[in-house]
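Undergrad: Input structure: entry20.cif, which contains mmCIF, C-alpha atoms.
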```
data_final
#
loop_
_atom_site.group_PDB
_atom_site.id
_atom_site.type_symbol
_atom_site.label_atom_id
_atom_site.label_comp_id
_atom_site.auth_asym_id
_atom_site.auth_seq_id
_atom_site.Cartn_x
_atom_site.Cartn_y
_atom_site.Cartn_z
ATOM 1 C CA MET M 985 4.746 23.154 0.642
ATOM 2 C CA SER M 986 5.449 23.030 4.365
ATOM 3 C CA ASP M 987 8.715 21.851 5.833
ATOM 4 C CA THR M 988 7.083 19.627 8.454
ATOM 5 C CA PRO M 989 6.367 16.209 6.983
ATOM 6 C CA THR M 990 3.320 14.191 7.931
ATOM 7 C CA GLY M 991 3.646 11.747 10.834
ATOM 8 C CA LEU M 992 4.198 8.661 8.704
ATOM 9 C CA LYS M 993 6.660 10.388 6.401
ATOM 10 C CA ALA M 994 8.542 11.823 9.411
ATOM 11 C CA ARG M 995 8.688 8.352 10.983
ATOM 12 C CA MET M 996 10.071 6.914 7.756
ATOM 13 C CA GLN M 997 12.738 9.645 7.582
ATOM 14 C CA SER M 998 13.691 9.047 11.222
ATOM 15 C CA ASP M 999 13.852 5.277 10.655
ATOM 16 C CA LEU M 1000 15.989 5.846 7.558
ATOM 17 C CA THR M 1001 18.511 7.821 9.611
ATOM 18 C CA GLU M 1002 18.547 5.041 12.218
ATOM 19 C CA ALA M 1003 18.954 2.333 9.539
ATOM 20 C CA ILE M 1004 21.907 4.211 8.043
ATOM 21 C CA ARG M 1005 23.526 4.566 11.477
ATOM 22 C CA SER M 1006 23.063 0.876 12.239
ATOM 23 C CA ARG M 1007 24.263 -0.076 8.728
ATOM 24 C CA ASP M 1008 20.990 -1.896 7.909
ATOM 25 C CA GLU M 1009 21.391 -1.743 4.125
ATOM 26 C CA LEU M 1010 18.066 -3.397 3.215
ATOM 27 C CA THR M 1011 15.962 -1.109 5.428
ATOM 28 C CA ALA M 1012 17.901 2.001 4.387
ATOM 29 C CA ALA M 1013 17.565 1.224 0.671
ATOM 30 C CA THR M 1014 13.876 0.368 1.019
ATOM 31 C CA LEU M 1015 13.068 3.539 2.965
ATOM 32 C CA ARG M 1016 15.030 5.670 0.475
ATOM 33 C CA MET M 1017 12.989 4.163 -2.349
ATOM 34 C CA ALA M 1018 9.700 4.663 -0.490
ATOM 35 C CA LEU M 1019 10.502 8.276 0.437
ATOM 36 C CA THR M 1020 11.481 8.954 -3.171
ATOM 37 C CA ALA M 1021 8.101 7.595 -4.305
ATOM 38 C CA VAL M 1022 6.345 9.863 -1.777
ATOM 39 C CA ARG M 1023 8.361 12.917 -2.896
ATOM 40 C CA SER M 1024 7.653 12.130 -6.552
ATOM 41 C CA GLU M 1025 3.943 12.041 -5.774
ATOM 42 C CA GLU M 1026 4.244 15.356 -3.924
ATOM 43 C CA VAL M 1027 5.670 17.141 -6.963
ATOM 44 C CA ALA M 1028 3.438 15.405 -9.529
ATOM 45 C CA GLY M 1029 0.778 17.572 -11.082
ATOM 46 C CA THR M 1030 0.644 21.313 -11.494
ATOM 47 C CA SER M 1031 1.967 22.357 -8.080
ATOM 48 C CA ALA M 1032 4.042 20.800 -5.309
ATOM 49 C CA ARG M 1033 2.172 19.933 -2.129
ATOM 50 C CA GLU M 1034 2.497 17.952 1.073
ATOM 51 C CA LEU M 1035 0.725 14.585 0.967
ATOM 52 C CA SER M 1036 -1.824 13.689 3.632
ATOM 53 C CA GLU M 1037 -1.352 10.564 5.764
ATOM 54 C CA ASP M 1038 -3.882 8.697 3.613
ATOM 55 C CA GLU M 1039 -2.058 9.681 0.421
ATOM 56 C CA VAL M 1040 1.274 8.497 1.875
ATOM 57 C CA VAL M 1041 -0.396 5.172 2.781
ATOM 58 C CA THR M 1042 -1.720 4.926 -0.800
ATOM 59 C CA VAL M 1043 1.786 5.477 -2.221
ATOM 60 C CA LEU M 1044 3.217 2.856 0.141
ATOM 61 C CA GLY M 1045 0.423 0.474 -0.854
ATOM 62 C CA ARG M 1046 1.449 0.808 -4.497
ATOM 63 C CA GLU M 1047 5.080 0.132 -3.550
ATOM 64 C CA VAL M 1048 4.042 -2.958 -1.568
ATOM 65 C CA LYS M 1049 2.095 -4.245 -4.566
ATOM 66 C CA LYS M 1050 5.145 -3.709 -6.805
ATOM 67 C CA ARG M 1051 7.360 -5.653 -4.385
ATOM 68 C CA ARG M 1052 4.865 -8.517 -4.117
ATOM 69 C CA GLU M 1053 4.563 -8.774 -7.915
ATOM 70 C CA ALA M 1054 8.337 -8.537 -8.400
ATOM 71 C CA ALA M 1055 8.980 -11.246 -5.793
ATOM 72 C CA THR M 1056 6.548 -13.538 -7.596
ATOM 73 C CA ALA M 1057 8.106 -12.772 -10.983
ATOM 74 C CA PHE M 1058 11.640 -13.390 -9.706
ATOM 75 C CA ALA M 1059 10.595 -16.633 -7.993
ATOM 76 C CA ASP M 1060 8.876 -17.838 -11.179
ATOM 77 C CA ALA M 1061 12.025 -17.015 -13.152
ATOM 78 C CA GLY M 1062 14.178 -19.043 -10.753
ATOM 79 C CA ARG M 1063 15.927 -15.999 -9.285
ATOM 80 C CA ALA M 1064 15.509 -16.890 -5.614
ATOM 81 C CA GLU M 1065 18.014 -14.309 -4.335
ATOM 82 C CA SER M 1066 16.226 -11.419 -6.079
ATOM 83 C CA ALA M 1067 12.843 -12.741 -4.934
ATOM 84 C CA GLU M 1068 14.117 -12.860 -1.347
ATOM 85 C CA ARG M 1069 15.354 -9.263 -1.603
ATOM 86 C CA GLU M 1070 11.895 -8.135 -2.803
ATOM 87 C CA ARG M 1071 10.242 -10.026 0.077
ATOM 88 C CA GLY M 1072 12.606 -8.293 2.511
ATOM 89 C CA GLU M 1073 11.665 -4.880 1.087
ATOM 90 C CA LEU M 1074 8.002 -5.893 1.265
ATOM 91 C CA ALA M 1075 8.359 -6.731 4.972
ATOM 92 C CA VAL M 1076 9.974 -3.350 5.688
ATOM 93 C CA LEU M 1077 7.231 -1.456 3.830
ATOM 94 C CA GLN M 1078 4.403 -3.366 5.507
ATOM 95 C CA THR M 1079 5.507 -2.077 8.921
ATOM 96 C CA TYR M 1080 4.375 1.399 7.804
ATOM 97 C CA LEU M 1081 0.938 0.357 6.568
ATOM 98 C CA PRO M 1082 -2.188 -0.057 8.698
ATOM 99 C CA ALA M 1083 -3.001 -3.613 9.740
ATOM 100 C CA GLN M 1084 -4.706 -5.532 6.960
ATOM 101 C CA LEU M 1085 -8.369 -6.440 7.430
ATOM 102 C CA SER M 1086 -9.098 -10.088 8.127
ATOM 103 C CA ASP M 1087 -11.050 -12.013 5.496
ATOM 104 C CA GLU M 1088 -14.080 -12.060 7.822
ATOM 105 C CA ASP M 1089 -14.032 -8.287 8.402
ATOM 106 C CA LEU M 1090 -13.552 -7.579 4.707
ATOM 107 C CA ALA M 1091 -16.359 -10.008 3.778
ATOM 108 C CA ALA M 1092 -18.687 -8.233 6.239
ATOM 109 C CA ILE M 1093 -17.918 -4.821 4.684
ATOM 110 C CA VAL M 1094 -18.468 -6.245 1.185
ATOM 111 C CA ALA M 1095 -21.759 -7.903 2.219
ATOM 112 C CA GLU M 1096 -22.973 -4.619 3.704
ATOM 113 C CA ALA M 1097 -22.099 -2.736 0.503
ATOM 114 C CA VAL M 1098 -23.746 -5.389 -1.705
ATOM 115 C CA ALA M 1099 -26.934 -5.134 0.386
ATOM 116 C CA ALA M 1100 -26.903 -1.313 0.166
ATOM 117 C CA VAL M 1101 -26.403 -1.348 -3.609
ATOM 118 C CA ALA M 1102 -29.067 -4.055 -4.019
ATOM 119 C CA ALA M 1103 -31.494 -1.835 -2.077
ATOM 120 C CA GLU M 1104 -30.931 0.797 -4.778
ATOM 121 C CA GLY M 1105 -31.929 -1.767 -7.405
ATOM 122 C CA ALA M 1106 -28.507 -2.800 -8.773
ATOM 123 C CA THR M 1107 -27.795 -6.530 -8.643
ATOM 124 C CA GLY M 1108 -25.488 -9.074 -10.233
ATOM 125 C CA MET M 1109 -22.184 -8.281 -11.897
ATOM 126 C CA ALA M 1110 -23.624 -5.006 -13.227
ATOM 127 C CA ALA M 1111 -23.400 -3.696 -9.649
ATOM 128 C CA MET M 1112 -19.637 -4.412 -9.396
ATOM 129 C CA GLY M 1113 -18.607 -0.779 -9.939
ATOM 130 C CA LYS M 1114 -21.097 0.605 -7.439
ATOM 131 C CA VAL M 1115 -20.119 -1.934 -4.787
ATOM 132 C CA MET M 1116 -16.393 -1.288 -5.314
ATOM 133 C CA LYS M 1117 -17.027 2.458 -5.066
ATOM 134 C CA ALA M 1118 -18.814 1.913 -1.738
ATOM 135 C CA VAL M 1119 -16.204 -0.499 -0.325
ATOM 136 C CA GLN M 1120 -12.922 1.179 -1.325
ATOM 137 C CA PRO M 1121 -13.111 4.215 1.013
ATOM 138 C CA LYS M 1122 -13.888 1.929 3.968
ATOM 139 C CA VAL M 1123 -10.917 -0.366 3.367
ATOM 140 C CA ALA M 1124 -8.343 2.086 1.987
ATOM 141 C CA GLY M 1125 -4.866 0.934 2.957
ATOM 142 C CA GLN M 1126 -6.252 -2.075 4.805
ATOM 143 C CA ALA M 1127 -6.929 -4.381 1.859
ATOM 144 C CA GLU M 1128 -5.514 -4.621 -1.648
ATOM 145 C CA GLY M 1129 -7.832 -3.803 -4.528
ATOM 146 C CA GLY M 1130 -7.466 -7.246 -6.091
ATOM 147 C CA ARG M 1131 -8.449 -8.947 -2.862
ATOM 148 C CA VAL M 1132 -11.471 -6.648 -2.500
ATOM 149 C CA ALA M 1133 -12.514 -7.169 -6.139
ATOM 150 C CA ALA M 1134 -12.343 -10.959 -5.756
ATOM 151 C CA LEU M 1135 -14.608 -10.858 -2.693
ATOM 152 C CA VAL M 1136 -17.045 -8.457 -4.389
ATOM 153 C CA ARG M 1137 -17.161 -10.712 -7.471
ATOM 154 C CA ALA M 1138 -17.848 -13.760 -5.279
ATOM 155 C CA ALA M 1139 -20.558 -11.931 -3.318
ATOM 156 C CA LEU M 1140 -22.300 -10.709 -6.474
ATOM 157 C CA ALA M 1141 -22.087 -14.108 -8.183
ATOM 158 C CA GLY M 1142 -23.333 -16.012 -5.135
#
```
I need this file expressed as structure tokens, please.

TA:
Amino acid sequence: MSDTPTGLKARMQSDLTEAIRSRDELTAATLRMALTAVRSEEVAGTSARELSEDEVVTVLGREVKKRREAATAFADAGRAESAERERGELAVLQTYLPAQLSDEDLAAIVAEAVAAVAAEGATGMAAMGKVMKAVQPKVAGQAEGGRVAALVRAALAG
């Protein structure tokens, strides 16, 4: 495992140091949590390794999803303060992720994949897996899986 972290991880570590210096508790706590998740992923499996940029983005994407779900759960339970904290963490994490694809761009990618899979003879909901497999690499880090799946479902049904 090398000592030089990837660009995104290095930026997060640098921003953590700056957040600590400026006494920004929310940002510091969020970045600590995110870096811990990245380090945990690095040592998971049979041998420790440095994560690629894409793998770091994937880990951050999972953390963003957790924050979004927790904020919703807290809001539904009437715990507005906890929900607001989760939304704050979500905002910090999103600054490290690539820009999200617009609905139009994502729909165009899905339509292209549906057409390609249909050309191979797979149509209807039975083609869902093949279409998802074609779309996911193109939108990695730029669209959540649930959002992609909903668009694929709509495209295959329509």

Undergrad: Once the PyMOL selection byres ((chain M and resi 1121-1134) around 6) has been applied to the shown file, what residues remain in the selection, as an MDAnalysis selection string?

TA: chainID M and resid 1082 1084:1085 1119:1120 1135:1137

Undergrad: Identify which of the residues M:Glu1002, M:Asp1038, M:Asp1008, M:Glu1026 lies closest to Leu1081 (chain M), counting only C-alpha atoms when measuring atom-to-atom distances.

TA: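 Smallest separation from Leu1081 (chain M) among the options: M:Asp1038.
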
Undergrad: Carefully work through the PyMOL selection byres ((chain M and resi 1077) around 9) for this structure and note down the residues it includes, as a VMD selection string.

TA: chain M and resid 1011 1014 to 1015 1018 1044 to 1045 1047 to 1048 1072 to 1076 1078 to 1081

Undergrad: For the file shown, what are the residues hit by the PyMOL selection byres ((chain M and resi 1111) around 12), laid out as a ChimeraX atom specification?

TA: /M:1097-1110,1112-1118,1133,1136-1137,1139-1141

Undergrad: Have a look at M:Ala1064, M:Val1043, M:Ala1059, M:Ala1003 and name the one nearest to Leu1019 (chain M); count all atoms listed in the file.

TA: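 Among M:Ala1064, M:Val1043, M:Ala1059, M:Ala1003, it is M:Val1043 that comes nearest to Leu1019 (chain M).
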
Undergrad: One number please: CA of Glu1096 (chain M) to CA of Arg1046 (chain M), in Å, one decimal.

TA: 26.3 Å

Undergrad: Take CA of Ala1067 (chain M) and CA of Ala1012 (chain M) and report the distance between them in Å, one decimal.

TA: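 Calculated distance between CA of Ala1067 (chain M) and CA of Ala1012 (chain M) is 18.2 Å.
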
Undergrad: One number please: CA of Glu1088 (chain M) to CA of Lys1050 (chain M), in Å, one decimal.

TA: 25.6 Å

Undergrad: The centre and edge lengths of an axis-aligned box containing all atoms of region 1088-1107 of chain M present in the file, extended by 5 Å on each side, are to be given in Å to one decimal, as AutoDock Vina command-line options.

TA:
```
--center_x -22.7 --center_y -5.6 --center_z -0.2 --size_x 28.4 --size_y 22.9 --size_z 27.2
```

Undergrad: Calculated over all atoms listed in the file, which of the candidates M:Ala1138, M:Ala1091, M:Ala1021, M:Val1040 has the smallest distance to Arg995 (chain M)?

TA: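 Distance minimum relative to Arg995 (chain M) lands on M:Val1040.
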